[in-house]
Structures are given as C-alpha cells and as structure tokens.
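Source file: input.pdb (PDB, C-alpha atoms and all ligand atoms)
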ATOM      1  CA  MET Z   1      80.268  21.383  76.559  1.00  0.00           C
ATOM      2  CA  ASP Z   2      76.943  19.693  75.886  1.00  0.00           C
ATOM      3  CA  VAL Z   3      74.196  20.962  78.199  1.00  0.00           C
ATOM      4  CA  LEU Z   4      73.412  17.552  79.702  1.00  0.00           C
ATOM      5  CA  GLN Z   5      77.097  16.844  80.267  1.00  0.00           C
ATOM      6  CA  ALA Z   6      77.379  20.185  82.062  1.00  0.00           C
ATOM      7  CA  ILE Z   7      74.374  19.462  84.277  1.00  0.00           C
ATOM      8  CA  PHE Z   8      75.509  15.940  85.135  1.00  0.00           C
ATOM      9  CA  THR Z   9      79.165  16.805  85.893  1.00  0.00           C
ATOM     10  CA  ARG Z  10      78.912  20.195  87.653  1.00  0.00           C
ATOM     11  CA  ARG Z  11      80.171  20.161  91.252  1.00  0.00           C
ATOM     12  CA  SER Z  12      80.823  22.855  93.819  1.00  0.00           C
ATOM     13  CA  ILE Z  13      84.474  23.901  93.633  1.00  0.00           C
ATOM     14  CA  ARG Z  14      86.050  25.410  96.745  1.00  0.00           C
ATOM     15  CA  LYS Z  15      89.771  25.257  95.912  1.00  0.00           C
ATOM     16  CA  PHE Z  16      91.185  27.848  93.547  1.00  0.00           C
ATOM     17  CA  THR Z  17      94.561  28.651  91.974  1.00  0.00           C
ATOM     18  CA  GLY Z  18      94.403  32.389  92.649  1.00  0.00           C
ATOM     19  CA  GLU Z  19      94.620  33.282  88.939  1.00  0.00           C
ATOM     20  CA  PRO Z  20      91.959  35.887  88.107  1.00  0.00           C
ATOM     21  CA  ILE Z  21      89.341  35.010  85.509  1.00  0.00           C
ATOM     22  CA  SER Z  22      89.301  37.005  82.289  1.00  0.00           C
ATOM     23  CA  GLU Z  23      86.866  39.845  81.641  1.00  0.00           C
ATOM     24  CA  GLU Z  24      85.587  37.876  78.648  1.00  0.00           C
ATOM     25  CA  ASN Z  25      84.696  34.934  80.892  1.00  0.00           C
ATOM     26  CA  MET Z  26      83.038  37.251  83.414  1.00  0.00           C
ATOM     27  CA  GLN Z  27      80.877  38.735  80.653  1.00  0.00           C
ATOM     28  CA  THR Z  28      79.869  35.229  79.561  1.00  0.00           C
ATOM     29  CA  LEU Z  29      78.864  34.346  83.130  1.00  0.00           C
ATOM     30  CA  LEU Z  30      76.779  37.509  83.400  1.00  0.00           C
ATOM     31  CA  LYS Z  31      75.142  36.787  80.057  1.00  0.00           C
ATOM     32  CA  ALA Z  32      74.210  33.337  81.404  1.00  0.00           C
ATOM     33  CA  GLY Z  33      72.634  34.952  84.455  1.00  0.00           C
ATOM     34  CA  PHE Z  34      70.605  37.330  82.314  1.00  0.00           C
ATOM     35  CA  SER Z  35      69.368  34.365  80.226  1.00  0.00           C
ATOM     36  CA  ALA Z  36      67.477  32.765  83.111  1.00  0.00           C
ATOM     37  CA  PRO Z  37      63.706  32.401  83.157  1.00  0.00           C
ATOM     38  CA  SER Z  38      61.744  34.608  85.569  1.00  0.00           C
ATOM     39  CA  ALA Z  39      58.134  34.817  86.733  1.00  0.00           C
ATOM     40  CA  HIS Z  40      56.162  37.195  84.487  1.00  0.00           C
ATOM     41  CA  ASN Z  41      59.499  37.654  82.667  1.00  0.00           C
ATOM     42  CA  SER Z  42      60.136  40.407  85.205  1.00  0.00           C
ATOM     43  CA  GLN Z  43      63.930  39.876  85.245  1.00  0.00           C
ATOM     44  CA  PRO Z  44      64.275  41.351  88.744  1.00  0.00           C
ATOM     45  CA  TRP Z  45      67.988  40.553  89.034  1.00  0.00           C
ATOM     46  CA  HIS Z  46      71.026  42.734  89.426  1.00  0.00           C
ATOM     47  CA  PHE Z  47      74.541  41.301  89.420  1.00  0.00           C
ATOM     48  CA  VAL Z  48      77.241  42.826  91.605  1.00  0.00           C
ATOM     49  CA  VAL Z  49      80.693  41.664  90.520  1.00  0.00           C
ATOM     50  CA  VAL Z  50      83.155  41.881  93.408  1.00  0.00           C
ATOM     51  CA  LYS Z  51      86.899  41.589  92.701  1.00  0.00           C
ATOM     52  CA  ASN Z  52      88.349  44.098  95.135  1.00  0.00           C
ATOM     53  CA  PRO Z  53      90.635  42.042  97.444  1.00  0.00           C
ATOM     54  CA  ALA Z  54      89.687  44.031 100.561  1.00  0.00           C
ATOM     55  CA  SER Z  55      85.967  43.468  99.921  1.00  0.00           C
ATOM     56  CA  LEU Z  56      86.532  39.754  99.271  1.00  0.00           C
ATOM     57  CA  GLU Z  57      88.446  39.448 102.556  1.00  0.00           C
ATOM     58  CA  TYR Z  58      85.745  41.363 104.436  1.00  0.00           C
ATOM     59  CA  ILE Z  59      82.950  39.124 103.150  1.00  0.00           C
ATOM     60  CA  ALA Z  60      84.946  35.930 103.697  1.00  0.00           C
ATOM     61  CA  GLU Z  61      85.705  36.872 107.282  1.00  0.00           C
ATOM     62  CA  ALA Z  62      82.052  37.396 108.118  1.00  0.00           C
ATOM     63  CA  HIS Z  63      80.465  34.609 106.030  1.00  0.00           C
ATOM     64  CA  PRO Z  64      81.072  31.283 107.823  1.00  0.00           C
ATOM     65  CA  TYR Z  65      80.975  29.204 104.620  1.00  0.00           C
ATOM     66  CA  ALA Z  66      82.738  31.434 102.089  1.00  0.00           C
ATOM     67  CA  LYS Z  67      86.340  31.199 103.237  1.00  0.00           C
ATOM     68  CA  MET Z  68      87.412  30.268  99.702  1.00  0.00           C
ATOM     69  CA  LEU Z  69      86.389  33.683  98.347  1.00  0.00           C
ATOM     70  CA  PRO Z  70      89.723  35.609  98.451  1.00  0.00           C
ATOM     71  CA  LYS Z  71      91.599  32.796  96.699  1.00  0.00           C
ATOM     72  CA  ALA Z  72      88.879  32.496  94.051  1.00  0.00           C
ATOM     73  CA  GLY Z  73      89.423  36.167  93.283  1.00  0.00           C
ATOM     74  CA  SER Z  74      85.876  37.077  92.324  1.00  0.00           C
ATOM     75  CA  CYS Z  75      82.226  36.598  93.037  1.00  0.00           C
ATOM     76  CA  ILE Z  76      78.927  37.582  91.518  1.00  0.00           C
ATOM     77  CA  ILE Z  77      76.345  38.610  94.099  1.00  0.00           C
ATOM     78  CA  VAL Z  78      72.917  38.023  92.604  1.00  0.00           C
ATOM     79  CA  CYS Z  79      70.400  40.507  93.959  1.00  0.00           C
ATOM     80  CA  GLY Z  80      66.671  40.940  93.465  1.00  0.00           C
ATOM     81  CA  ASP Z  81      64.752  44.189  92.992  1.00  0.00           C
ATOM     82  CA  ASN Z  82      61.610  44.274  95.179  1.00  0.00           C
ATOM     83  CA  ASN Z  83      60.239  47.170  93.114  1.00  0.00           C
ATOM     84  CA  VAL Z  84      60.213  44.952  90.019  1.00  0.00           C
ATOM     85  CA  GLN Z  85      59.202  41.582  91.462  1.00  0.00           C
ATOM     86  CA  LYS Z  86      56.887  42.310  94.370  1.00  0.00           C
ATOM     87  CA  ALA Z  87      56.221  38.646  95.235  1.00  0.00           C
ATOM     88  CA  LYS Z  88      59.206  37.698  97.408  1.00  0.00           C
ATOM     89  CA  GLY Z  89      58.876  33.998  96.606  1.00  0.00           C
ATOM     90  CA  PHE Z  90      59.161  34.639  92.890  1.00  0.00           C
ATOM     91  CA  LEU Z  91      62.058  37.039  93.439  1.00  0.00           C
ATOM     92  CA  VAL Z  92      64.035  34.301  95.138  1.00  0.00           C
ATOM     93  CA  GLU Z  93      63.156  31.734  92.492  1.00  0.00           C
ATOM     94  CA  ASP Z  94      64.098  34.113  89.662  1.00  0.00           C
ATOM     95  CA  CYS Z  95      67.487  34.928  91.177  1.00  0.00           C
ATOM     96  CA  SER Z  96      68.116  31.263  91.977  1.00  0.00           C
ATOM     97  CA  ALA Z  97      67.530  30.374  88.324  1.00  0.00           C
ATOM     98  CA  ALA Z  98      70.107  33.015  87.366  1.00  0.00           C
ATOM     99  CA  ILE Z  99      72.555  31.588  89.904  1.00  0.00           C
ATOM    100  CA  GLN Z 100      72.196  28.067  88.524  1.00  0.00           C
ATOM    101  CA  ASN Z 101      72.742  29.374  84.980  1.00  0.00           C
ATOM    102  CA  ILE Z 102      75.958  31.079  86.129  1.00  0.00           C
ATOM    103  CA  LEU Z 103      77.167  27.901  87.871  1.00  0.00           C
ATOM    104  CA  LEU Z 104      76.606  25.826  84.742  1.00  0.00           C
ATOM    105  CA  ALA Z 105      78.233  28.449  82.518  1.00  0.00           C
ATOM    106  CA  ALA Z 106      81.284  28.557  84.789  1.00  0.00           C
ATOM    107  CA  HIS Z 107      81.565  24.783  84.568  1.00  0.00           C
ATOM    108  CA  GLY Z 108      81.212  24.905  80.778  1.00  0.00           C
ATOM    109  CA  LEU Z 109      84.046  27.445  80.619  1.00  0.00           C
ATOM    110  CA  GLY Z 110      86.289  25.141  82.669  1.00  0.00           C
ATOM    111  CA  LEU Z 111      86.127  27.434  85.703  1.00  0.00           C
ATOM    112  CA  GLY Z 112      85.297  26.472  89.279  1.00  0.00           C
ATOM    113  CA  ALA Z 113      82.329  27.938  91.138  1.00  0.00           C
ATOM    114  CA  VAL Z 114      80.288  27.477  94.261  1.00  0.00           C
ATOM    115  CA  TRP Z 115      76.930  28.945  95.321  1.00  0.00           C
ATOM    116  CA  CYS Z 116      77.255  30.577  98.748  1.00  0.00           C
ATOM    117  CA  GLY Z 117      73.901  31.178 100.350  1.00  0.00           C
ATOM    118  CA  LEU Z 118      72.785  34.597 101.573  1.00  0.00           C
ATOM    119  CA  TYR Z 119      68.975  34.841 101.597  1.00  0.00           C
ATOM    120  CA  PRO Z 120      67.097  34.257 103.928  1.00  0.00           C
ATOM    121  CA  ALA Z 121      69.799  34.440 106.644  1.00  0.00           C
ATOM    122  CA  PRO Z 122      69.467  38.014 108.016  1.00  0.00           C
ATOM    123  CA  GLU Z 123      73.038  38.158 109.331  1.00  0.00           C
ATOM    124  CA  LEU Z 124      74.339  37.334 105.840  1.00  0.00           C
ATOM    125  CA  THR Z 125      71.995  39.548 103.837  1.00  0.00           C
ATOM    126  CA  GLN Z 126      72.748  42.488 106.158  1.00  0.00           C
ATOM    127  CA  LEU Z 127      76.473  41.856 105.912  1.00  0.00           C
ATOM    128  CA  ILE Z 128      76.325  41.898 102.131  1.00  0.00           C
ATOM    129  CA  ALA Z 129      73.953  44.867 101.936  1.00  0.00           C
ATOM    130  CA  THR Z 130      76.450  46.891 103.967  1.00  0.00           C
ATOM    131  CA  ALA Z 131      79.550  45.583 102.201  1.00  0.00           C
ATOM    132  CA  ILE Z 132      78.311  46.403  98.692  1.00  0.00           C
ATOM    133  CA  LYS Z 133      76.077  49.375  99.609  1.00  0.00           C
ATOM    134  CA  LEU Z 134      72.744  47.988  98.433  1.00  0.00           C
ATOM    135  CA  PRO Z 135      69.721  50.302  98.312  1.00  0.00           C
ATOM    136  CA  ASP Z 136      66.800  49.292 100.589  1.00  0.00           C
ATOM    137  CA  HIS Z 137      64.651  47.799  97.817  1.00  0.00           C
ATOM    138  CA  ILE Z 138      67.402  45.401  96.695  1.00  0.00           C
ATOM    139  CA  ASP Z 139      67.797  42.015  98.408  1.00  0.00           C
ATOM    140  CA  PRO Z 140      70.984  39.951  98.042  1.00  0.00           C
ATOM    141  CA  ILE Z 141      69.848  36.397  97.258  1.00  0.00           C
ATOM    142  CA  GLY Z 142      73.013  34.376  96.658  1.00  0.00           C
ATOM    143  CA  MET Z 143      76.683  34.681  95.864  1.00  0.00           C
ATOM    144  CA  VAL Z 144      78.510  32.756  93.154  1.00  0.00           C
ATOM    145  CA  VAL Z 145      82.177  32.443  94.081  1.00  0.00           C
ATOM    146  CA  VAL Z 146      84.106  31.856  90.858  1.00  0.00           C
ATOM    147  CA  GLY Z 147      87.714  31.419  89.811  1.00  0.00           C
ATOM    148  CA  HIS Z 148      90.215  29.051  88.253  1.00  0.00           C
ATOM    149  CA  LYS Z 149      89.827  25.688  89.937  1.00  0.00           C
ATOM    150  CA  ALA Z 150      92.560  23.882  91.834  1.00  0.00           C
ATOM    151  CA  GLU Z 151      90.519  20.712  92.286  1.00  0.00           C
ATOM    152  CA  ASP Z 152      88.412  18.403  90.161  1.00  0.00           C
ATOM    153  CA  ARG Z 153      85.490  16.589  91.688  1.00  0.00           C
ATOM    154  CA  GLU Z 154      83.776  13.438  90.513  1.00  0.00           C
ATOM    155  CA  PRO Z 155      80.215  13.788  89.240  1.00  0.00           C
ATOM    156  CA  ALA Z 156      77.587  12.932  91.845  1.00  0.00           C
ATOM    157  CA  ASN Z 157      74.774  10.610  90.855  1.00  0.00           C
ATOM    158  CA  ARG Z 158      71.833  11.548  93.066  1.00  0.00           C
ATOM    159  CA  PHE Z 159      69.124   9.917  91.010  1.00  0.00           C
ATOM    160  CA  ASP Z 160      66.658   8.369  93.436  1.00  0.00           C
ATOM    161  CA  ASN Z 161      63.661   6.373  92.279  1.00  0.00           C
ATOM    162  CA  ALA Z 162      62.119   6.649  95.754  1.00  0.00           C
ATOM    163  CA  LYS Z 163      61.686  10.394  95.198  1.00  0.00           C
ATOM    164  CA  ILE Z 164      59.862  10.099  91.894  1.00  0.00           C
ATOM    165  CA  HIS Z 165      56.077  10.020  91.952  1.00  0.00           C
ATOM    166  CA  TYR Z 166      53.819   9.459  88.982  1.00  0.00           C
ATOM    167  CA  ASP Z 167      50.397  11.056  88.735  1.00  0.00           C
ATOM    168  CA  GLN Z 168      50.062  11.237  92.522  1.00  0.00           C
ATOM    169  CA  TRP Z 169      52.285  10.911  95.644  1.00  0.00           C
TER     170      TRP Z 169
HETATM  171  C1  LIG N 201      71.118  27.807  98.597  1.00  0.00           C
HETATM  172  C2  LIG N 201      72.509  27.202  98.652  1.00  0.00           C
HETATM  173  C3  LIG N 201      73.412  27.711  99.553  1.00  0.00           C
HETATM  174  C4  LIG N 201      74.715  27.201  99.595  1.00  0.00           C
HETATM  175  N1  LIG N 201      75.620  27.792 100.442  1.00  0.00           N
HETATM  176  C5  LIG N 201      76.900  27.359 100.433  1.00  0.00           C
HETATM  177  C6  LIG N 201      77.887  28.050 101.197  1.00  0.00           C
HETATM  178  O1  LIG N 201      77.595  29.041 101.870  1.00  0.00           O
HETATM  179  N2  LIG N 201      79.159  27.604 101.128  1.00  0.00           N
HETATM  180  C7  LIG N 201      79.512  26.502 100.376  1.00  0.00           C
HETATM  181  O2  LIG N 201      80.692  26.147 100.377  1.00  0.00           O
HETATM  182  N3  LIG N 201      78.597  25.825  99.643  1.00  0.00           N
HETATM  183  C8  LIG N 201      77.310  26.235  99.640  1.00  0.00           C
HETATM  184  N4  LIG N 201      76.384  25.623  98.823  1.00  0.00           N
HETATM  185  C9  LIG N 201      76.793  24.499  97.965  1.00  0.00           C
HETATM  186  C10 LIG N 201      76.279  23.159  98.503  1.00  0.00           C
HETATM  187  O3  LIG N 201      76.982  22.790  99.663  1.00  0.00           O
HETATM  188  C11 LIG N 201      76.444  22.099  97.393  1.00  0.00           C
HETATM  189  O4  LIG N 201      75.703  22.487  96.252  1.00  0.00           O
HETATM  190  C12 LIG N 201      75.988  20.713  97.835  1.00  0.00           C
HETATM  191  O5  LIG N 201      76.822  20.225  98.852  1.00  0.00           O
HETATM  192  C13 LIG N 201      75.992  19.718  96.686  1.00  0.00           C
HETATM  193  O6  LIG N 201      77.283  19.610  96.121  1.00  0.00           O
HETATM  194  P1  LIG N 201      77.581  19.947  94.580  1.00  0.00           P
HETATM  195  O7  LIG N 201      77.218  21.381  94.327  1.00  0.00           O
HETATM  196  O8  LIG N 201      79.035  19.679  94.401  1.00  0.00           O
HETATM  197  O9  LIG N 201      76.733  19.046  93.706  1.00  0.00           O
HETATM  198  C14 LIG N 201      75.084  26.113  98.757  1.00  0.00           C
HETATM  199  C15 LIG N 201      74.158  25.609  97.858  1.00  0.00           C
HETATM  200  C16 LIG N 201      72.882  26.164  97.788  1.00  0.00           C
HETATM  201  C17 LIG N 201      71.906  25.638  96.750  1.00  0.00           C
END

Go through the file and emit its structure as structure tokens.
Amino acid sequence: MDVLQAIFTRRSIRKFTGEPISEENMQTLLKAGFSAPSAHNSQPWHFVVVKNPASLEYIAEAHPYAKMLPKAGSCIIVCGDNNVQKAKGFLVEDCSAAIQNILLAAHGLGLGAVWCGLYPAPELTQLIATAIKLPDHIDPIGMVVVGHKAEDREPANRFDNAKIHYDQW
C-alpha cells in the first residue's frame, strides 16, 4: 500500500475475527516500530508482545477502553527506557512515533489495530507494569491492540483550514 493511501485510510479497528496474526506479520510490525524517528536517535523503546490469553484477559478487565483485546489475540506494549532517554517528554514522543509506525504497518498488512492509551494515566501504567513485570526504569507508554479485523471503517477526512496558520497564528 502506498504510504499516503495508508495514512489517509487508517482507522482504529476494535472488532476482530479471533484468528491469530502470523509470526511473520508480527515481525514486520516490530520492524516498523524500530524504524521510527527518536530524539537524539536514542531509540529508547522496548516492545512487549503479549499473546497469552490469560494476560490479555487480565489487561482487558482492568483497562476500561481495551475490551477488544482478547478477541484481537495480541498486543504490542510500547515501553520507554528512562535510562536511555532521560527527558520524559522526548521518551513519550519517541514511543508515540513507534506506535504510529506500527498502526500504519498493521493497516498496510490488511490487519486491524487500535492504539490504547496507557501513559500518563497512573492506574493504567501501574496495571501494565505489574502485568508484564516491567523493571522500575521502564515506562509503558501505549498499547497497540492488533489482530485480523472483523470490520472496515470509512476513511475520516479531518482536514480543517481553520487549524492551519501561516507564518504566525
Ligand atoms: C493516546 C491515544 C490513546 C487512545 N486510547 C484508546 C483506548 O484506550 N481505547 C480505544 O479504543 N481507542 C483509543 N485510542 C484511539 C482513538 O479513540 C482514535 O484514534 C480516535 O477516535 C480517532 O479515530 P481513528 O483512529 O479511527 O482515526 C487512542 C488514541 C490515542 C492517540
């Protein structure tokens, strides 16, 4: 899929068939995450792939907006290493760039995916840190729920001239 077509047609997918995604596709998604830009090229990310049904159920029960997770069958929890990227703001931006890359790659592969927020909600970051046994210097930033989609959504045109400013506000 052409990159602009992918950007313009990607939507959050929350309905899944239950069929697991292939290991080859998972590797492609991870490669997309690793290809993101990062401040100082510090690449502070770690990717925790969760497929264990009990873990997916546990996270879905506690996360109020990730009920689709067990049916999707997998997620990639994108985490940032505070020992590598000491500026928290940059850490979040770096991991968010990786998340967006993964979302677009999933769409390009014909899979469905949705970004489920974790950082900066303490109840969600603590839940995830416990569930996947994160060391103290690692922050969970966001979770990409991914699987085979059971819905198609129309592209959303959000272009808004009123939000474009030239040279000054
Ligand atoms: C930081 C962030 C957190 C999000 N958290 C959730 C979430 O917890 N659950 C969910 O279903 N969607 C979540 N979304 C997806 C948004 O709801 C979605 O991107 C938005 O409604 C626009 O729709 P679209 O992605 O289809 O273009 C999140 C998106 C972002 C960027």

task = Go through Z:Met143, Z:Cys116, Z:Met1, Z:Val50 one by one, measure the shortest atom-to-atom distance of each to ligand LIG 201 (chain N) using only C-alpha atoms and all ligand atoms, and give the residue with the smallest value.
result =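 Ranking Z:Met143, Z:Cys116, Z:Met1, Z:Val50 by distance to ligand LIG 201 (chain N), first place goes to Z:Cys116.
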
task = Using all atoms listed in the file, determine which residues fall within 8 Å of ligand LIG 201 (chain N), then list them as an MDAnalysis selection string.
result = chainID Z and resid 10:14 63:66 68 114:119 142 153 155:156

message = To test your reading of the syntax: which residues would the PyMOL selection byres (((chain Z and resi 89-101) around 10) and not hetatm) return for the file shown? Reply as a ChimeraX atom specification.
response = /Z:7,29-47,76-82,84-88,102-107,114-115,119-120,139-144

From (67.6, 50.7, 94.2), in the file's coordinates, out to 9 Å: which residues are reached, counting all atoms listed in the file? Answer as a PDB file with C-alpha atoms, in the coordinates of the input.
ATOM      1  CA  ASP Z  81      64.752  44.189  92.992  1.00  0.00           C
ATOM      2  CA  ASN Z  82      61.610  44.274  95.179  1.00  0.00           C
ATOM      3  CA  ASN Z  83      60.239  47.170  93.114  1.00  0.00           C
ATOM      4  CA  LEU Z 134      72.744  47.988  98.433  1.00  0.00           C
ATOM      5  CA  PRO Z 135      69.721  50.302  98.312  1.00  0.00           C
ATOM      6  CA  ASP Z 136      66.800  49.292 100.589  1.00  0.00           C
ATOM      7  CA  HIS Z 137      64.651  47.799  97.817  1.00  0.00           C
ATOM      8  CA  ILE Z 138      67.402  45.401  96.695  1.00  0.00           C
TER       9      ILE Z 138
END

query = In Å, with one decimal, what is the gap from CA of Gly147 (chain Z) to CA of Gln5 (chain Z)?
reply = 20.4 Å

inquiry  = Applying 12 Å and only C-alpha atoms, which residues near Glu23 (chain Z) remain after dropping the ones on its own chain fewer than 2 positions away? List them as a PyMOL selection string.
reply    = chain Z and resi 20-21+25-30+49+51+74+147

Centre and edge lengths, as AutoDock Vina command-line options, for the axis-aligned box enclosing every listed atom of region 131-137 of chain Z with 3 Å of padding on each of the six sides, in Å to one decimal?
--center_x 72.1 --center_y 47.9 --center_z 100.0 --size_x 20.9 --size_y 10.7 --size_z 10.4

query = For the atom pair CA of Phe159 (chain Z) and CA of Phe16 (chain Z), what is the interatomic distance in Å to one decimal place?
reply =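 A separation of 28.5 Å between them.
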
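Against the coordinates shown, the PyMOL selection byres (((chain Z and resi 54-58) around 10) and not hetatm) returns Val50, Lys51, Asn52, Pro53, Ile59, Ala60, Glu61, Ala62, His63, Ala66, Lys67, Met68, Leu69, Pro70, Lys71, Ala72, Gly73, Ser74, Cys75, Leu127, Ile128, Ala131, Ile132 and Val145 of chain Z.
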
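Closest approach to Ala150 (chain Z) among Z:Asp167, Z:Glu24, Z:Glu123, Z:Glu19 is made by Z:Glu19 (distances from all atoms listed in the file).
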
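Pairwise distance (CA of Gly18 (chain Z), CA of Lys149 (chain Z)) equals 8.6 Å.
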
message = Please determine, counting all atoms listed in the file, which residue among Z:Asn157, Z:Val48, Z:Thr130, Z:Ile164 has the shortest atom-to-atom distance to Phe8 (chain Z).
response =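 Of Z:Asn157, Z:Val48, Z:Thr130, Z:Ile164, the one nearest Phe8 (chain Z) is Z:Asn157, counting all atoms listed in the file.
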